[in-house]
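What follows is protein.txt (compact mmCIF, C-alpha atoms).
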# COMPACT_ATOMS: atom_id res chain seq x y z
CA MET A 1 -16.57 -76.62 -19.39
CA LYS A 2 -13.32 -76.76 -21.37
CA GLN A 3 -15.25 -77.42 -24.51
CA LEU A 4 -17.33 -74.30 -23.97
CA GLN A 5 -14.22 -72.20 -23.49
CA GLN A 6 -12.65 -73.68 -26.62
CA LEU A 7 -15.79 -72.90 -28.60
CA ASP A 8 -15.73 -69.28 -27.41
CA VAL A 9 -12.10 -68.88 -28.41
CA GLN A 10 -12.74 -70.47 -31.76
CA GLN A 11 -15.65 -68.12 -32.36
CA TRP A 12 -13.32 -65.16 -31.87
CA LEU A 13 -10.53 -66.58 -33.93
CA LEU A 14 -12.74 -67.40 -36.90
CA PRO A 15 -13.44 -63.77 -37.93
CA LEU A 16 -9.75 -63.00 -37.51
CA ARG A 17 -8.76 -65.88 -39.82
CA LEU A 18 -11.31 -64.81 -42.39
CA ALA A 19 -10.03 -61.20 -42.32
CA LEU A 20 -6.44 -62.42 -42.79
CA MET A 21 -7.38 -64.60 -45.70
CA ARG A 22 -9.24 -61.78 -47.43
CA GLY A 23 -6.64 -59.05 -46.87
CA GLY A 24 -3.44 -60.98 -46.89
CA GLN A 25 -0.55 -60.35 -44.61
CA ALA A 26 -0.60 -56.54 -44.75
CA PRO A 27 -3.29 -56.07 -42.05
CA LEU A 28 -1.51 -58.64 -39.87
CA ILE A 29 1.79 -56.81 -40.13
CA ALA A 30 0.06 -53.45 -39.49
CA GLY A 31 -1.68 -54.84 -36.39
CA VAL A 32 1.59 -56.27 -35.01
CA CYS A 33 3.35 -52.93 -35.64
CA ILE A 34 0.61 -51.00 -33.83
CA LEU A 35 0.81 -53.38 -30.87
CA CYS A 36 4.60 -53.00 -30.76
CA LEU A 37 4.32 -49.19 -30.84
CA LEU A 38 1.73 -49.20 -28.06
CA GLY A 39 3.90 -51.52 -25.95
CA ALA A 40 7.02 -49.38 -26.50
CA SER A 41 5.19 -46.16 -25.60
CA GLY A 42 3.77 -47.83 -22.47
CA TRP A 43 7.26 -48.94 -21.40
CA GLY A 44 8.58 -45.42 -22.08
CA TRP A 45 5.90 -43.89 -19.85
CA VAL A 46 6.63 -46.39 -17.06
CA PHE A 47 10.37 -45.64 -17.35
CA GLN A 48 9.73 -41.87 -17.06
CA GLN A 49 7.57 -42.36 -13.98
CA ARG A 50 10.17 -44.58 -12.29
CA THR A 51 12.93 -42.04 -13.05
CA ALA A 52 10.85 -39.17 -11.61
CA LEU A 53 10.07 -41.22 -8.51
CA ARG A 54 13.77 -42.07 -7.99
CA GLN A 55 14.71 -38.40 -8.29
CA MET A 56 12.13 -37.47 -5.66
CA VAL A 57 13.40 -40.16 -3.31
CA VAL A 58 17.09 -39.46 -3.90
CA LYS A 59 16.77 -35.65 -3.70
CA PRO A 60 18.29 -34.43 -0.42
CA LEU A 61 16.03 -32.76 2.08
CA SER A 62 16.12 -29.01 2.11
CA ALA A 63 17.88 -27.41 5.03
CA PRO A 64 15.62 -26.50 7.95
CA PRO A 65 14.75 -22.82 8.19
CA VAL A 66 17.10 -20.76 10.28
CA LEU A 67 15.78 -20.52 13.79
CA ALA A 68 15.64 -17.14 15.47
CA VAL A 69 18.15 -16.92 18.25
CA ALA A 70 16.58 -15.83 21.49
CA PRO A 71 18.24 -12.91 23.20
CA PRO A 72 20.05 -13.79 26.39
CA PRO A 73 17.84 -13.59 29.48
CA ALA A 74 17.87 -10.34 31.39
CA SER A 75 20.03 -10.15 34.45
CA ALA A 76 18.54 -9.85 37.92
CA GLU A 77 19.53 -6.18 38.05
CA GLN A 78 17.79 -5.49 34.73
CA ASN A 79 14.64 -7.28 35.89
CA LEU A 80 14.66 -5.30 39.13
CA ALA A 81 15.07 -2.03 37.22
CA VAL A 82 12.14 -2.90 34.94
CA PHE A 83 10.04 -3.78 37.99
CA TYR A 84 10.69 -0.45 39.69
CA ASP A 85 10.15 1.46 36.42
CA THR A 86 6.70 -0.12 36.14
CA LEU A 87 5.56 1.09 39.57
CA GLY A 88 3.50 4.25 39.96
CA GLU A 89 4.55 7.32 41.92
CA LYS A 90 3.29 7.42 45.51
CA ARG A 91 2.72 11.18 45.38
CA TYR A 92 0.16 10.73 42.55
CA ALA A 93 -1.96 8.04 44.24
CA GLU A 94 -4.86 10.45 44.89
CA GLN A 95 -4.87 11.46 41.22
CA GLN A 96 -5.18 7.79 40.26
CA VAL A 97 -8.22 7.49 42.57
CA LYS A 98 -9.73 10.53 40.80
CA THR A 99 -9.13 8.72 37.49
CA LEU A 100 -11.17 5.78 38.84
CA PHE A 101 -14.04 8.08 39.81
CA ASP A 102 -13.98 9.65 36.31
CA LEU A 103 -14.03 6.22 34.67
CA ALA A 104 -16.98 5.14 36.84
CA ALA A 105 -18.91 8.26 35.79
CA LYS A 106 -18.11 7.56 32.09
CA SER A 107 -19.34 3.99 32.49
CA GLY A 108 -22.64 5.19 33.96
CA LEU A 109 -21.96 3.76 37.41
CA SER A 110 -22.92 5.37 40.66
CA LEU A 111 -19.91 5.35 42.93
CA SER A 112 -20.18 5.89 46.64
CA GLN A 113 -17.30 7.04 48.74
CA GLY A 114 -14.50 4.49 48.79
CA GLU A 115 -12.23 3.13 51.49
CA TYR A 116 -8.48 3.70 51.28
CA LYS A 117 -5.58 2.04 53.05
CA SER A 118 -1.88 2.47 52.47
CA ALA A 119 0.96 0.16 53.46
CA TYR A 120 4.70 -0.10 52.98
CA ASP A 121 6.90 -3.17 52.49
CA LYS A 122 10.42 -2.48 53.75
CA ALA A 123 11.93 -5.54 52.10
CA SER A 124 10.91 -4.54 48.58
CA ARG A 125 10.68 -0.78 49.22
CA VAL A 126 7.25 -0.77 47.62
CA SER A 127 4.22 1.11 48.90
CA THR A 128 0.73 -0.18 48.33
CA TYR A 129 -2.45 1.86 48.25
CA GLN A 130 -5.56 -0.26 48.53
CA VAL A 131 -8.83 1.20 47.24
CA VAL A 132 -12.25 -0.37 47.91
CA LEU A 133 -15.02 1.07 45.75
CA PRO A 134 -18.73 0.27 46.21
CA VAL A 135 -20.42 0.84 42.83
CA LYS A 136 -23.88 0.31 41.32
CA GLY A 137 -24.76 -0.33 37.70
CA SER A 138 -25.33 -2.94 35.02
CA TYR A 139 -23.24 -6.09 34.86
CA GLN A 140 -21.65 -5.04 31.55
CA ALA A 141 -20.84 -1.54 32.86
CA LEU A 142 -19.20 -3.01 35.98
CA TRP A 143 -16.94 -5.33 33.97
CA SER A 144 -16.14 -2.56 31.53
CA PHE A 145 -15.19 -0.26 34.41
CA GLY A 146 -12.91 -2.92 35.92
CA LEU A 147 -11.04 -3.44 32.64
CA GLN A 148 -10.77 0.29 31.94
CA ALA A 149 -9.40 0.85 35.44
CA LEU A 150 -6.62 -1.68 34.83
CA ARG A 151 -5.75 -0.05 31.50
CA ALA A 152 -5.74 3.46 32.99
CA VAL A 153 -3.66 2.46 36.02
CA PRO A 154 -1.20 -0.18 34.76
CA PHE A 155 0.49 -0.57 38.14
CA ALA A 156 -2.79 -1.61 39.80
CA SER A 157 -4.18 -5.06 40.42
CA LEU A 158 -7.85 -5.97 40.65
CA ASP A 159 -7.87 -8.06 43.81
CA GLU A 160 -11.61 -8.55 44.27
CA LEU A 161 -14.82 -8.00 42.35
CA ALA A 162 -17.92 -9.07 44.26
CA PHE A 163 -21.47 -8.73 42.90
CA ARG A 164 -24.75 -8.53 44.78
CA ARG A 165 -28.33 -8.19 43.56
CA GLU A 166 -31.28 -7.47 45.86
CA GLN A 167 -33.88 -9.15 43.63
CA ILE A 168 -33.61 -11.36 40.55
CA ALA A 169 -35.54 -8.86 38.43
CA ASP A 170 -33.16 -5.98 39.24
CA THR A 171 -31.09 -4.85 36.27
CA SER A 172 -28.77 -2.90 38.51
CA LEU A 173 -26.13 -4.69 40.57
CA GLU A 174 -24.18 -3.60 43.58
CA ALA A 175 -20.51 -4.43 43.35
CA ARG A 176 -17.44 -4.06 45.47
CA LEU A 177 -14.11 -3.59 43.70
CA ARG A 178 -10.85 -3.86 45.57
CA LEU A 179 -7.81 -2.55 43.72
CA THR A 180 -4.23 -2.26 44.91
CA PHE A 181 -1.82 0.33 43.51
CA TYR A 182 1.87 -0.62 43.67
CA LEU A 183 3.91 2.53 44.14
CA LYS A 184 7.53 3.63 44.34
CA ASP A 185 8.59 4.94 47.66
CA GLY A 186 12.06 6.42 47.59
CA LEU A 187 14.88 4.93 45.54
CA PRO A 188 14.99 1.28 44.56
CA PRO A 189 17.65 -0.86 46.20
CA ALA A 190 21.02 -0.57 44.50
CA ALA A 191 22.42 -3.60 42.68
CA GLY A 192 23.72 -6.16 45.15
CA GLU A 193 22.32 -4.21 48.12
CA GLN A 194 20.22 -6.12 50.63
CA PRO A 195 16.87 -4.36 51.21

Output the file's structure as structure tokens, nothing else.
Amino acid sequence: MKQLQQLDVQQWLLPLRLALMRGGQAPLIAGVCILCLLGASGWGWVFQQRTALRQMVVKPLSAPPVLAVAPPPASAEQNLAVFYDTLGEKRYAEQQVKTLFDLAAKSGLSLSQGEYKSAYDKASRVSTYQVVLPVKGSYQALWSFGLQALRAVPFASLDELAFRREQIADTSLEARLRLTFYLKDGLPPAAGEQP
């Protein structure tokens, strides 16, 4: 095996020897110079890459972005004032019911006469006006009506939405919506006052 390897090396060296003997030492010197230049340029490239890598590693991290400072939380009195400002006026409750009937008509729903019930909570000084509306129409129209009602009356809550269909093939549904209006009744409790 060693003999085969020696023969292969000798086969490569023979043309090199012949070229040196024909041309003299000039091609040998030129070849050595080219190899030296290639080696030096290779080392220069490696040195540049190492320097760039060191600068990336040594470079300090940039400062984190400035965080937005949250405003201080609202006080209990401020929260209570916002709560009472959000409530509807008790004297306009019937007008809000009329708004619901108008929205049902716009949505293409048939709306029977509703049921109404009012209540008052002494502790919070908030009146409630509960409205139960039996309506008929398509599923999409019923959902649309429910969402429009909440947008039109922002102090209302949709407490119940029940669907019923007589037959599977019916495209019209019967639904029962129960909404509660939260209304101001008199003045809100003063700061620090027990209701």

Within 10 Å of file point (-23.1, -9.5, 40.0), counting all atoms listed in the file, expressed as a VMD selection string
chain A and resid 136 to 140 142 to 143 161 to 165 171 to 176

Contacts of range 83-94 of chain A at 7 Å or less, counting all atoms listed in the file, minus same-chain residues fewer than 3 places along, as a count of residues only?
10

Quick one: distance from CA of Gln55 in chain A to CA of Leu38 in chain A in Å, one decimal?
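Here the two named atoms are 26.0 Å from each other.
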
Could you tell me how far CA of Leu133 in chain A lies from CA of Lys117 in chain A, in Å and to one decimal?
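Going from CA of Leu133 in chain A over to CA of Lys117 in chain A, I get 12.0 Å.
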
Figure out the distance between CA of Leu177 in chain A and CA of Ser112 in chain A, please, to one decimal in Å.
11.6 Å

Would you place a box with edges along x, y and z of the file around all atoms of range 124-134 of chain A listed there, add 3 Å to each of its six sides, and report the centre and edge lengths in Å to one decimal, as JSON?
{"center_x": -3.9, "center_y": -1.3, "center_z": 47.5, "size_x": 35.6, "size_y": 12.4, "size_z": 9.5}
